[in-house]
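*Asks:* Following this line is my_file-v9.pdb, made up of PDB, C-alpha atoms:
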```
MODEL        1
ATOM      1  CA  MET U   1       0.000   0.000   0.000
ATOM      2  CA  ILE U   2       2.960   2.315   0.583
ATOM      3  CA  ARG U   3       6.160   2.093  -1.412
ATOM      4  CA  VAL U   4       9.048   4.538  -0.935
ATOM      5  CA  GLN U   5      12.098   4.365  -3.202
ATOM      6  CA  GLY U   6      15.225   6.438  -2.597
ATOM      7  CA  LEU U   7      13.284   9.378  -1.211
ATOM      8  CA  THR U   8      15.471  12.467  -0.795
ATOM      9  CA  LYS U   9      14.660  15.965   0.429
ATOM     10  CA  VAL U  10      17.212  18.771   0.567
ATOM     11  CA  TYR U  11      16.632  22.192   2.145
ATOM     12  CA  GLY U  12      19.470  24.444   1.021
ATOM     13  CA  SER U  13      22.616  22.780   2.364
ATOM     14  CA  ARG U  14      20.747  20.464   4.737
ATOM     15  CA  THR U  15      19.668  16.978   3.693
ATOM     16  CA  ALA U  16      16.461  16.136   5.552
ATOM     17  CA  LEU U  17      15.975  12.762   3.812
ATOM     18  CA  ASP U  18      18.811  10.733   2.338
ATOM     19  CA  ALA U  19      17.644   7.992  -0.064
ATOM     20  CA  VAL U  20      14.936   6.634   2.244
ATOM     21  CA  SER U  21      13.285   3.379   1.107
ATOM     22  CA  PHE U  22      10.658   1.156   2.744
ATOM     23  CA  GLU U  23       7.370  -0.622   2.039
ATOM     24  CA  VAL U  24       4.176  -1.095   4.041
ATOM     25  CA  PRO U  25       1.882  -3.957   2.913
ATOM     26  CA  LYS U  26      -1.900  -3.737   3.108
ATOM     27  CA  GLY U  27      -3.427  -4.006   6.577
ATOM     28  CA  GLU U  28      -0.201  -3.404   8.519
ATOM     29  CA  ILE U  29       0.336  -0.886  11.327
ATOM     30  CA  PHE U  30       3.764   0.610  10.634
ATOM     31  CA  GLY U  31       5.533   2.419  13.476
ATOM     32  CA  PHE U  32       7.801   5.169  12.131
ATOM     33  CA  VAL U  33      10.268   6.131  14.861
ATOM     34  CA  GLY U  34      13.276   8.378  15.156
ATOM     35  CA  PRO U  35      14.703  11.300  17.158
ATOM     36  CA  ASN U  36      13.398  14.827  16.670
ATOM     37  CA  GLY U  37      14.570  16.143  13.313
ATOM     38  CA  ALA U  38      15.202  12.643  11.948
ATOM     39  CA  GLY U  39      12.910  13.155   8.935
ATOM     40  CA  LYS U  40       9.652  11.527  10.053
ATOM     41  CA  THR U  41       7.320  14.461   9.440
ATOM     42  CA  THR U  42       9.038  15.322   6.149
ATOM     43  CA  THR U  43       8.463  11.758   4.949
ATOM     44  CA  LEU U  44       4.799  11.824   5.976
ATOM     45  CA  ARG U  45       4.200  15.163   4.247
ATOM     46  CA  ILE U  46       5.700  13.813   1.046
ATOM     47  CA  LEU U  47       3.533  10.696   1.289
ATOM     48  CA  ALA U  48       0.506  12.932   1.802
ATOM     49  CA  ALA U  49       1.399  14.788  -1.442
ATOM     50  CA  LEU U  50       1.830  18.016   0.519
ATOM     51  CA  LEU U  51       5.566  18.373  -0.093
ATOM     52  CA  GLU U  52       7.593  17.573  -3.187
ATOM     53  CA  PRO U  53      10.745  15.489  -2.737
ATOM     54  CA  THR U  54      14.078  16.505  -4.199
ATOM     55  CA  GLY U  55      14.549  12.981  -5.514
ATOM     56  CA  GLY U  56      13.181   9.482  -5.357
ATOM     57  CA  ARG U  57       9.616   8.241  -5.683
ATOM     58  CA  ALA U  58       6.734   7.357  -3.387
ATOM     59  CA  PHE U  59       3.441   5.588  -4.025
ATOM     60  CA  VAL U  60       0.260   5.339  -1.965
ATOM     61  CA  ASP U  61      -2.079   2.519  -2.980
ATOM     62  CA  GLY U  62      -0.397   2.563  -6.395
ATOM     63  CA  ALA U  63      -0.702   6.336  -6.940
ATOM     64  CA  ASP U  64       2.493   8.327  -7.512
ATOM     65  CA  VAL U  65       2.608  11.211  -5.003
ATOM     66  CA  ILE U  66       4.211  13.534  -7.562
ATOM     67  CA  GLN U  67       2.328  12.613 -10.722
ATOM     68  CA  HIS U  68      -1.112  11.941  -9.194
ATOM     69  CA  PRO U  69      -1.485  13.960  -5.964
ATOM     70  CA  ASP U  70      -5.293  14.116  -6.321
ATOM     71  CA  LEU U  71      -5.488  10.313  -6.308
ATOM     72  CA  VAL U  72      -3.243  10.236  -3.237
ATOM     73  CA  HIS U  73      -5.507  12.700  -1.418
ATOM     74  CA  ASP U  74      -8.502  10.488  -2.189
ATOM     75  CA  ARG U  75      -6.821   7.313  -0.948
ATOM     76  CA  LEU U  76      -5.102   8.684   2.127
ATOM     77  CA  GLY U  77      -6.103  10.304   5.415
ATOM     78  CA  TYR U  78      -3.492  12.493   7.116
ATOM     79  CA  MET U  79      -3.483  13.560  10.760
ATOM     80  CA  PRO U  80      -0.638  16.052  11.309
ATOM     81  CA  ASP U  81       1.158  16.582  14.592
ATOM     82  CA  PHE U  82      -0.337  20.063  14.911
ATOM     83  CA  PHE U  83      -3.947  20.008  13.838
ATOM     84  CA  GLY U  84      -6.312  22.922  13.295
ATOM     85  CA  VAL U  85      -9.863  22.969  14.590
ATOM     86  CA  TYR U  86     -12.722  25.385  14.061
ATOM     87  CA  ASP U  87     -13.644  26.177  17.633
ATOM     88  CA  GLN U  88     -17.137  27.530  17.045
ATOM     89  CA  LEU U  89     -18.362  24.411  15.237
ATOM     90  CA  THR U  90     -19.880  21.414  16.959
ATOM     91  CA  ALA U  91     -18.231  18.031  16.483
ATOM     92  CA  THR U  92     -20.883  17.053  13.923
ATOM     93  CA  GLU U  93     -20.572  20.344  12.017
ATOM     94  CA  TYR U  94     -16.783  19.968  11.988
ATOM     95  CA  LEU U  95     -16.936  16.551  10.295
ATOM     96  CA  ASP U  96     -19.716  17.714   7.953
ATOM     97  CA  PHE U  97     -17.509  20.595   6.802
ATOM     98  CA  TYR U  98     -14.604  18.302   5.935
ATOM     99  CA  ALA U  99     -16.878  15.771   4.260
ATOM    100  CA  ALA U 100     -18.146  18.624   2.080
ATOM    101  CA  CYS U 101     -14.526  19.443   1.173
ATOM    102  CA  TYR U 102     -14.336  15.936  -0.306
ATOM    103  CA  ARG U 103     -17.534  16.633  -2.263
ATOM    104  CA  ILE U 104     -19.494  14.001  -0.370
ATOM    105  CA  PRO U 105     -23.226  14.581  -1.008
ATOM    106  CA  ARG U 106     -25.137  16.307   1.797
ATOM    107  CA  ALA U 107     -27.489  13.334   2.162
ATOM    108  CA  ARG U 108     -24.566  11.055   3.114
ATOM    109  CA  ARG U 109     -22.630  13.475   5.286
ATOM    110  CA  LYS U 110     -24.881  13.271   8.341
ATOM    111  CA  LYS U 111     -24.598   9.471   8.540
ATOM    112  CA  ILE U 112     -20.840   9.565   7.925
ATOM    113  CA  ALA U 113     -20.387  12.056  10.772
ATOM    114  CA  ALA U 114     -22.564   9.990  13.116
ATOM    115  CA  ASP U 115     -20.738   6.745  12.265
ATOM    116  CA  LEU U 116     -17.306   8.306  12.739
ATOM    117  CA  LEU U 117     -18.217   9.912  16.044
ATOM    118  CA  GLU U 118     -19.416   6.500  17.202
ATOM    119  CA  LEU U 119     -16.175   4.902  16.030
ATOM    120  CA  VAL U 120     -13.947   7.309  17.961
ATOM    121  CA  GLY U 121     -16.165   7.346  21.048
ATOM    122  CA  LEU U 122     -17.578  10.853  20.641
ATOM    123  CA  ALA U 123     -21.207  10.034  19.871
ATOM    124  CA  ASP U 124     -22.312  11.678  23.129
ATOM    125  CA  ARG U 125     -20.349  14.832  22.208
ATOM    126  CA  ARG U 126     -21.860  15.291  18.740
ATOM    127  CA  ASP U 127     -23.457  18.654  19.612
ATOM    128  CA  GLN U 128     -20.610  19.931  21.776
ATOM    129  CA  SER U 129     -18.494  22.839  20.569
ATOM    130  CA  VAL U 130     -15.015  21.815  19.502
ATOM    131  CA  ASP U 131     -13.373  24.441  21.711
ATOM    132  CA  THR U 132     -14.826  22.811  24.835
ATOM    133  CA  LEU U 133     -13.298  19.396  24.102
ATOM    134  CA  SER U 134     -10.204  18.200  25.962
ATOM    135  CA  ARG U 135      -6.974  17.634  24.062
ATOM    136  CA  GLY U 136      -7.567  13.901  23.989
ATOM    137  CA  LEU U 137     -11.075  14.330  22.569
ATOM    138  CA  LYS U 138      -9.803  16.789  19.969
ATOM    139  CA  GLN U 139      -7.213  14.175  18.931
ATOM    140  CA  ARG U 140     -10.013  11.666  18.421
ATOM    141  CA  LEU U 141     -12.073  14.175  16.458
ATOM    142  CA  CYS U 142      -9.126  14.915  14.176
ATOM    143  CA  LEU U 143      -8.676  11.197  13.609
ATOM    144  CA  ALA U 144     -12.338  11.053  12.587
ATOM    145  CA  ARG U 145     -11.677  13.989  10.249
ATOM    146  CA  ALA U 146      -8.941  11.980   8.515
ATOM    147  CA  LEU U 147     -11.488   9.210   7.923
ATOM    148  CA  VAL U 148     -14.399  11.192   6.420
ATOM    149  CA  HIS U 149     -13.635  10.023   2.859
ATOM    150  CA  ASP U 150     -12.977   6.404   3.897
ATOM    151  CA  PRO U 151      -9.299   6.301   2.865
ATOM    152  CA  ALA U 152      -7.394   3.029   2.512
ATOM    153  CA  VAL U 153      -4.274   4.477   4.166
ATOM    154  CA  LEU U 154      -3.862   6.579   7.312
ATOM    155  CA  LEU U 155      -0.810   8.689   8.156
ATOM    156  CA  LEU U 156      -0.797   9.696  11.820
ATOM    157  CA  ASP U 157       1.931  12.052  13.020
ATOM    158  CA  GLU U 158       2.347  11.656  16.803
ATOM    159  CA  PRO U 159      -1.339  10.759  17.406
ATOM    160  CA  ALA U 160      -0.792  10.167  21.136
ATOM    161  CA  SER U 161       1.256  13.311  21.758
ATOM    162  CA  GLY U 162       0.186  15.047  24.964
ATOM    163  CA  LEU U 163      -2.383  12.399  25.894
ATOM    164  CA  ASP U 164      -2.717  10.985  29.401
ATOM    165  CA  PRO U 165      -2.275   7.203  29.862
ATOM    166  CA  ARG U 166      -6.015   6.435  29.681
ATOM    167  CA  ALA U 167      -6.432   8.498  26.509
ATOM    168  CA  ARG U 168      -3.451   6.704  24.934
ATOM    169  CA  VAL U 169      -5.009   3.314  25.678
ATOM    170  CA  GLU U 170      -8.291   4.471  24.138
ATOM    171  CA  MET U 171      -6.500   5.763  21.050
ATOM    172  CA  ARG U 172      -4.648   2.457  20.707
ATOM    173  CA  GLU U 173      -7.928   0.520  20.789
ATOM    174  CA  ILE U 174      -9.395   2.761  18.096
ATOM    175  CA  LEU U 175      -6.362   2.139  15.868
ATOM    176  CA  LYS U 176      -6.653  -1.624  16.359
ATOM    177  CA  GLU U 177     -10.288  -1.420  15.300
ATOM    178  CA  LEU U 178      -9.289   0.537  12.180
ATOM    179  CA  GLN U 179      -6.778  -2.188  11.346
ATOM    180  CA  ARG U 180      -9.529  -4.793  11.702
ATOM    181  CA  MET U 181     -11.524  -2.707   9.212
ATOM    182  CA  GLY U 182      -8.695  -3.186   6.690
ATOM    183  CA  LYS U 183      -6.931   0.168   6.997
ATOM    184  CA  THR U 184      -3.180   0.431   6.475
ATOM    185  CA  ILE U 185      -1.759   2.750   9.140
ATOM    186  CA  VAL U 186       1.556   4.591   9.506
ATOM    187  CA  ILE U 187       2.191   6.036  12.973
ATOM    188  CA  SER U 188       4.986   8.429  13.808
ATOM    189  CA  SER U 189       5.602   8.281  17.556
ATOM    190  CA  HIS U 190       8.163   8.473  20.345
ATOM    191  CA  ILE U 191       6.171   6.242  22.722
ATOM    192  CA  LEU U 192       8.111   3.081  21.974
ATOM    193  CA  PRO U 193       6.549   0.563  24.414
ATOM    194  CA  GLU U 194       3.105   1.246  22.961
ATOM    195  CA  LEU U 195       4.402   0.863  19.416
ATOM    196  CA  THR U 196       5.717  -2.583  20.322
ATOM    197  CA  GLU U 197       2.226  -3.602  21.440
ATOM    198  CA  LEU U 198       0.376  -1.919  18.585
ATOM    199  CA  CYS U 199       2.517  -2.100  15.466
ATOM    200  CA  THR U 200       3.136  -5.083  13.244
ATOM    201  CA  MET U 201       6.041  -3.398  11.435
ATOM    202  CA  VAL U 202       8.517  -0.680  12.314
ATOM    203  CA  GLY U 203      10.924   1.651  10.553
ATOM    204  CA  ILE U 204      13.722   3.439  12.402
ATOM    205  CA  ILE U 205      15.018   6.658  10.849
ATOM    206  CA  ASP U 206      17.895   8.833  12.040
ATOM    207  CA  GLN U 207      19.541  11.847  10.414
ATOM    208  CA  GLY U 208      17.390  11.367   7.334
ATOM    209  CA  ARG U 209      18.456   7.761   6.741
ATOM    210  CA  MET U 210      16.522   4.549   7.322
ATOM    211  CA  ARG U 211      18.471   2.457   9.817
ATOM    212  CA  ALA U 212      16.164  -0.566   9.938
ATOM    213  CA  THR U 213      12.738  -1.618   8.731
ATOM    214  CA  GLY U 214      10.615  -4.763   8.860
ATOM    215  CA  PRO U 215       8.377  -6.753  11.233
ATOM    216  CA  VAL U 216       8.814  -5.494  14.803
ATOM    217  CA  GLN U 217      10.335  -8.643  16.285
ATOM    218  CA  ASP U 218      12.686  -9.070  13.304
ATOM    219  CA  VAL U 219      14.034  -5.538  13.778
ATOM    220  CA  ILE U 220      14.471  -6.116  17.513
ATOM    221  CA  ARG U 221      16.395  -9.353  16.908
ATOM    222  CA  GLN U 222      18.462  -7.699  14.162
ATOM    223  CA  LEU U 223      19.600  -4.779  16.302
ATOM    224  CA  THR U 224      19.784  -6.002  19.889
ATOM    225  CA  SER U 225      23.076  -7.587  20.792
ATOM    226  CA  GLY U 226      22.762 -11.251  21.632
ATOM    227  CA  ARG U 227      19.827 -12.991  23.277
ATOM    228  CA  ARG U 228      19.087 -12.911  26.988
ATOM    229  CA  LEU U 229      17.824 -15.412  29.528
ATOM    230  CA  ARG U 230      16.238 -14.740  32.900
ATOM    231  CA  ILE U 231      17.051 -17.614  35.278
ATOM    232  CA  MET U 232      15.681 -18.189  38.779
ATOM    233  CA  VAL U 233      17.305 -20.776  41.048
ATOM    234  CA  LEU U 234      16.524 -22.117  44.517
ATOM    235  CA  GLY U 235      19.634 -20.999  46.393
ATOM    236  CA  GLN U 236      22.919 -21.933  44.676
ATOM    237  CA  ARG U 237      23.167 -18.605  42.875
ATOM    238  CA  ASP U 238      26.943 -18.521  43.062
ATOM    239  CA  GLU U 239      27.142 -22.070  41.728
ATOM    240  CA  ALA U 240      24.711 -21.224  38.904
ATOM    241  CA  VAL U 241      26.718 -18.136  37.907
ATOM    242  CA  ALA U 242      29.957 -20.115  37.989
ATOM    243  CA  THR U 243      28.439 -22.854  35.824
ATOM    244  CA  LEU U 244      27.105 -20.341  33.305
ATOM    245  CA  LYS U 245      30.492 -18.630  32.997
ATOM    246  CA  THR U 246      32.068 -21.934  31.937
ATOM    247  CA  LEU U 247      29.773 -22.248  28.922
ATOM    248  CA  PRO U 248      31.239 -20.984  25.615
ATOM    249  CA  SER U 249      27.866 -19.612  24.415
ATOM    250  CA  ILE U 250      27.511 -17.268  27.403
ATOM    251  CA  ARG U 251      28.696 -13.693  26.867
ATOM    252  CA  THR U 252      27.704 -11.938  30.118
ATOM    253  CA  VAL U 253      26.092 -12.903  33.427
ATOM    254  CA  ASP U 254      24.443 -10.370  35.776
ATOM    255  CA  MET U 255      22.369 -10.442  38.936
ATOM    256  CA  ILE U 256      19.297  -8.219  38.502
ATOM    257  CA  ASN U 257      16.511  -7.984  41.115
ATOM    258  CA  GLY U 258      17.295 -11.399  42.556
ATOM    259  CA  ALA U 259      17.405 -13.142  39.171
ATOM    260  CA  ILE U 260      20.281 -14.188  36.961
ATOM    261  CA  GLU U 261      20.305 -12.590  33.521
ATOM    262  CA  ALA U 262      22.616 -14.167  30.981
ATOM    263  CA  GLU U 263      23.337 -12.941  27.468
ATOM    264  CA  TYR U 264      24.253 -15.676  25.019
ATOM    265  CA  GLU U 265      24.991 -16.324  21.355
ATOM    266  CA  GLY U 266      22.869 -18.946  19.654
ATOM    267  CA  ASP U 267      19.338 -20.121  19.036
ATOM    268  CA  ASP U 268      16.630 -21.968  20.983
ATOM    269  CA  ALA U 269      18.699 -25.155  20.908
ATOM    270  CA  THR U 270      21.531 -23.238  22.592
ATOM    271  CA  ALA U 271      19.129 -22.058  25.315
ATOM    272  CA  ALA U 272      18.036 -25.665  25.865
ATOM    273  CA  SER U 273      21.660 -26.764  26.258
ATOM    274  CA  ILE U 274      22.240 -24.007  28.833
ATOM    275  CA  LEU U 275      19.306 -25.290  30.894
ATOM    276  CA  GLN U 276      20.621 -28.826  30.540
ATOM    277  CA  ALA U 277      24.054 -27.754  31.792
ATOM    278  CA  LEU U 278      22.525 -26.143  34.881
ATOM    279  CA  THR U 279      20.449 -29.193  35.767
ATOM    280  CA  ALA U 280      23.427 -31.497  35.131
ATOM    281  CA  ALA U 281      25.306 -29.434  37.750
ATOM    282  CA  SER U 282      22.493 -30.273  40.215
ATOM    283  CA  ILE U 283      21.294 -26.671  40.272
ATOM    284  CA  ARG U 284      17.566 -26.411  41.019
ATOM    285  CA  VAL U 285      16.172 -24.096  38.326
ATOM    286  CA  SER U 286      12.765 -22.641  39.256
ATOM    287  CA  GLY U 287      12.446 -20.209  36.345
ATOM    288  CA  PHE U 288      13.967 -20.072  32.866
ATOM    289  CA  SER U 289      12.709 -17.636  30.209
ATOM    290  CA  GLN U 290      13.826 -15.629  27.204
ATOM    291  CA  LEU U 291      14.068 -11.849  27.569
ATOM    292  CA  ASP U 292      13.173  -9.612  24.659
ATOM    293  CA  GLY U 293      15.547  -6.678  24.273
ATOM    294  CA  GLY U 294      12.595  -4.543  23.229
ATOM    295  CA  LEU U 295      12.081  -1.781  20.727
ATOM    296  CA  GLU U 296      13.805   0.746  22.994
ATOM    297  CA  ASP U 297      17.075  -1.197  22.850
ATOM    298  CA  ALA U 298      16.767  -1.584  19.085
ATOM    299  CA  PHE U 299      16.052   2.139  18.709
ATOM    300  CA  LEU U 300      19.054   3.133  20.825
ATOM    301  CA  LYS U 301      21.314   0.758  18.905
ATOM    302  CA  ALA U 302      20.079   1.997  15.511
ATOM    303  CA  THR U 303      20.388   5.679  16.364
ATOM    304  CA  SER U 304      23.718   5.530  18.228
ATOM    305  CA  GLU U 305      25.747   4.070  15.378
ATOM    306  CA  ASP U 306      26.359   4.991  11.763
ATOM    307  CA  VAL U 307      24.739   1.863  10.362
ATOM    308  CA  GLY U 308      25.718   1.382   6.741
TER     309      GLY U 308
ENDMDL
END
```
Produce structure tokens that represent the structure in this file.

*Replies:*
Amino acid sequence: MIRVQGLTKVYGSRTALDAVSFEVPKGEIFGFVGPNGAGKTTTLRILAALLEPTGGRAFVDGADVIQHPDLVHDRLGYMPDFFGVYDQLTATEYLDFYAACYRIPRARRKKIAADLLELVGLADRRDQSVDTLSRGLKQRLCLARALVHDPAVLLLDEPASGLDPRARVEMREILKELQRMGKTIVISSHILPELTELCTMVGIIDQGRMRATGPVQDVIRQLTSGRRLRIMVLGQRDEAVATLKTLPSIRTVDMINGAIEAEYEGDDATAASILQALTAASIRVSGFSQLDGGLEDAFLKATSEDVG
């Protein structure tokens, strides 16, 4: 649904995007992460056919963003990081106005507005003035605005920015529902733990260059150093640590919050052999589990080195 090939954007002497390439298949939720100034918003604006690239190409649902911007606007909904609202309108009037901008007939606009307000949990606020809504409710309303023309693709720039924890959970549930409806979603965000739970794919960008992209767990495994085990033993901690340090697959051993954490090189068979070595040494193992380095570790690794 989204294909980006060698996308470049230069402002004077500054290169904001440097040959960025990635793809997002239909129905995926793609987390687009990177430090401030990395190029996330520039990429989204180009995909939304609001900014012309200096070089490269980008396609949204098959439409070229440069050659066919009108088709892109029809197929895509864009929620910018700073959104404008018309304070004197009610929530229903606000959505009706934007539906009219897409030339949706008046007879359909009322139902579209009602359905979208129901979707984003604002049905009971339909007649409330926009200026009286909280920030979280305005975020939801602007998401509904991006959906008035039923686009296949959604670009959301920091949709959870400034939201309290409850509002973030509610926003996440709305996005999952949109995915179930078949939408392809790109989310720019700094809230990495939530992206791990929500997104099926991720792209990490830094200094205008893509550092990694792919399914979330693949990117985590690609970038985090080694694999980690969390081991609990009944007494015998010193003996367990000593046994682990004799194994050639073990790289580091640490004591963290009463548990042993061991980093090792290898696969699941290697982990099984580590457990076997502990039990062969008569160490009573009460807990043995893999630890995921997480998206935060992958992000730090990708943005702290000049990868490629």

*Asks:* Determine the nearest neighbour of Ala146 (chain U) from the options U:Gly27, U:Gly77, U:Gly208, U:Gly203, counting all atoms listed in the file.

*Replies:*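 Smallest distance to Ala146 (chain U) is found for U:Gly77.
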
*Asks:* When the PyMOL selection byres ((chain U and resi 4) around 8) is applied to the structure above, which residues does it catch, written out as a compact mmCIF listing (two decimals) with C-alpha atoms, keeping the file's coordinate frame?

*Replies:*
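Final file, out.txt:
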```txt
# COMPACT_ATOMS: atom_id res chain seq x y z
CA ILE U 2 2.96 2.32 0.58
CA ARG U 3 6.16 2.09 -1.41
CA GLN U 5 12.10 4.36 -3.20
CA GLY U 6 15.22 6.44 -2.60
CA LEU U 7 13.28 9.38 -1.21
CA VAL U 20 14.94 6.63 2.24
CA SER U 21 13.28 3.38 1.11
CA PHE U 22 10.66 1.16 2.74
CA GLU U 23 7.37 -0.62 2.04
CA GLY U 56 13.18 9.48 -5.36
CA ARG U 57 9.62 8.24 -5.68
CA ALA U 58 6.73 7.36 -3.39
CA PHE U 59 3.44 5.59 -4.03
```

*Asks:* List the residues matched by the PyMOL selection byres ((chain U and resi 183-200) around 8) in the displayed structure as a PyMOL selection string, ordered by chain and then by residue number.

*Replies:* chain U and resi 1+24-35+40-41+151-161+172+176+178-182+201-202+215-216+294-296

*Asks:* Give me the residues within 12 Å of Asp164 (chain U) as a list in words, counting only C-alpha atoms and dropping any in the same chain fewer than 6 places off.

*Replies:*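 Here the answer would be Ser134, Arg135, Gly136, Leu137, Gln139, Glu170 and Met171 of chain U.
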
*Asks:* Using all atoms listed in the file, pick whichever of U:Ala302, U:Ala262, U:Leu47, U:Leu117 has the shortest atom-to-atom distance to Ala212 (chain U).

*Replies:*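 Result for the nearest residue to Ala212 (chain U): U:Ala302.
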
*Asks:* In Å, with one decimal, what is the gap from CA of Ala144 (chain U) to CA of Val120 (chain U)?

*Replies:* 6.7 Å

*Asks:* Let me make sure I understand: among U:Leu143, U:Lys138, U:Pro248, U:Val148, which one has the smallest atom-to-atom distance to Asp74 (chain U) if we use all atoms listed in the file?

*Replies:*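 Closest to Asp74 (chain U) of all the choices is U:Val148.
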
*Asks:* Of the candidates U:Asn36, U:Ile231, U:Thr303, U:Val253, which one gets nearest to Leu275 (chain U) if we count only C-alpha atoms?

*Replies:*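 Under the stated criterion, the closest residue is U:Ile231.
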
*Asks:* When distances are computed from only C-alpha atoms, which of U:Glu177, U:Asp115, U:Gln67, U:Arg209 shows the smallest separation from Gly37 (chain U)?

*Replies:*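 Selected residue with least distance to Gly37 (chain U): U:Arg209.
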
*Asks:* Starting from the shown file, work through the PyMOL selection byres ((chain U and resi 42) around 10) and note down what comes out as an mmCIF file with C-alpha atoms, in the frame of the given file.

*Replies:*
```cif
data_model
loop_
_atom_site.group_PDB
_atom_site.id
_atom_site.type_symbol
_atom_site.label_atom_id
_atom_site.label_comp_id
_atom_site.auth_asym_id
_atom_site.auth_seq_id
_atom_site.Cartn_x
_atom_site.Cartn_y
_atom_site.Cartn_z
ATOM 1 C CA THR U 8 15.471 12.467 -0.795
ATOM 2 C CA LYS U 9 14.660 15.965 0.429
ATOM 3 C CA ALA U 16 16.461 16.136 5.552
ATOM 4 C CA LEU U 17 15.975 12.762 3.812
ATOM 5 C CA GLY U 37 14.570 16.143 13.313
ATOM 6 C CA ALA U 38 15.202 12.643 11.948
ATOM 7 C CA GLY U 39 12.910 13.155 8.935
ATOM 8 C CA LYS U 40 9.652 11.527 10.053
ATOM 9 C CA THR U 41 7.320 14.461 9.440
ATOM 10 C CA THR U 43 8.463 11.758 4.949
ATOM 11 C CA LEU U 44 4.799 11.824 5.976
ATOM 12 C CA ARG U 45 4.200 15.163 4.247
ATOM 13 C CA ILE U 46 5.700 13.813 1.046
ATOM 14 C CA LEU U 47 3.533 10.696 1.289
ATOM 15 C CA ALA U 48 0.506 12.932 1.802
ATOM 16 C CA LEU U 50 1.830 18.016 0.519
ATOM 17 C CA LEU U 51 5.566 18.373 -0.093
ATOM 18 C CA GLU U 52 7.593 17.573 -3.187
ATOM 19 C CA PRO U 53 10.745 15.489 -2.737
ATOM 20 C CA GLY U 208 17.390 11.367 7.334
#
```

*Asks:* For CA of Thr270 (chain U) and CA of Asn257 (chain U), quote the distance in Å rounded to one decimal.

*Replies:*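 CA of Asn257 (chain U) lies at a distance of 24.5 Å from CA of Thr270 (chain U).
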
*Asks:* To test the calculation: enclose all listed atoms of region 155-174 of chain U in a box whose edges run along x, y and z, add 6 Å on each side, then state centre and edge lengths in Å to one decimal, as AutoDock Vina command-line options.

*Replies:*
```
--center_x -3.5 --center_y 7.8 --center_z 19.0 --size_x 23.7 --size_y 26.5 --size_z 33.7
```

*Asks:* Pick from U:Leu141, U:Val65, U:Ala99, U:Leu133: nearest to Met79 (chain U), with only C-alpha atoms counted?

*Replies:*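 Closest to Met79 (chain U), using only C-alpha atoms: U:Leu141.
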
*Asks:* What is the CA of Leu71 (chain U) to CA of Leu147 (chain U) distance in Å?

*Replies:* 15.5 Å

*Asks:* So that I can see what lies close to Arg106 (chain U), please list as a list in words the residues with an atom at most 12 Å from it, counting all atoms listed in the file and leaving out residues fewer than 6 positions away in the same chain.

*Replies:*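 Listed by chain and then number, they are Glu93, Leu95, Asp96, Phe97, Tyr98, Ala99, Ala100, Ile112 and Ala113 of chain U.
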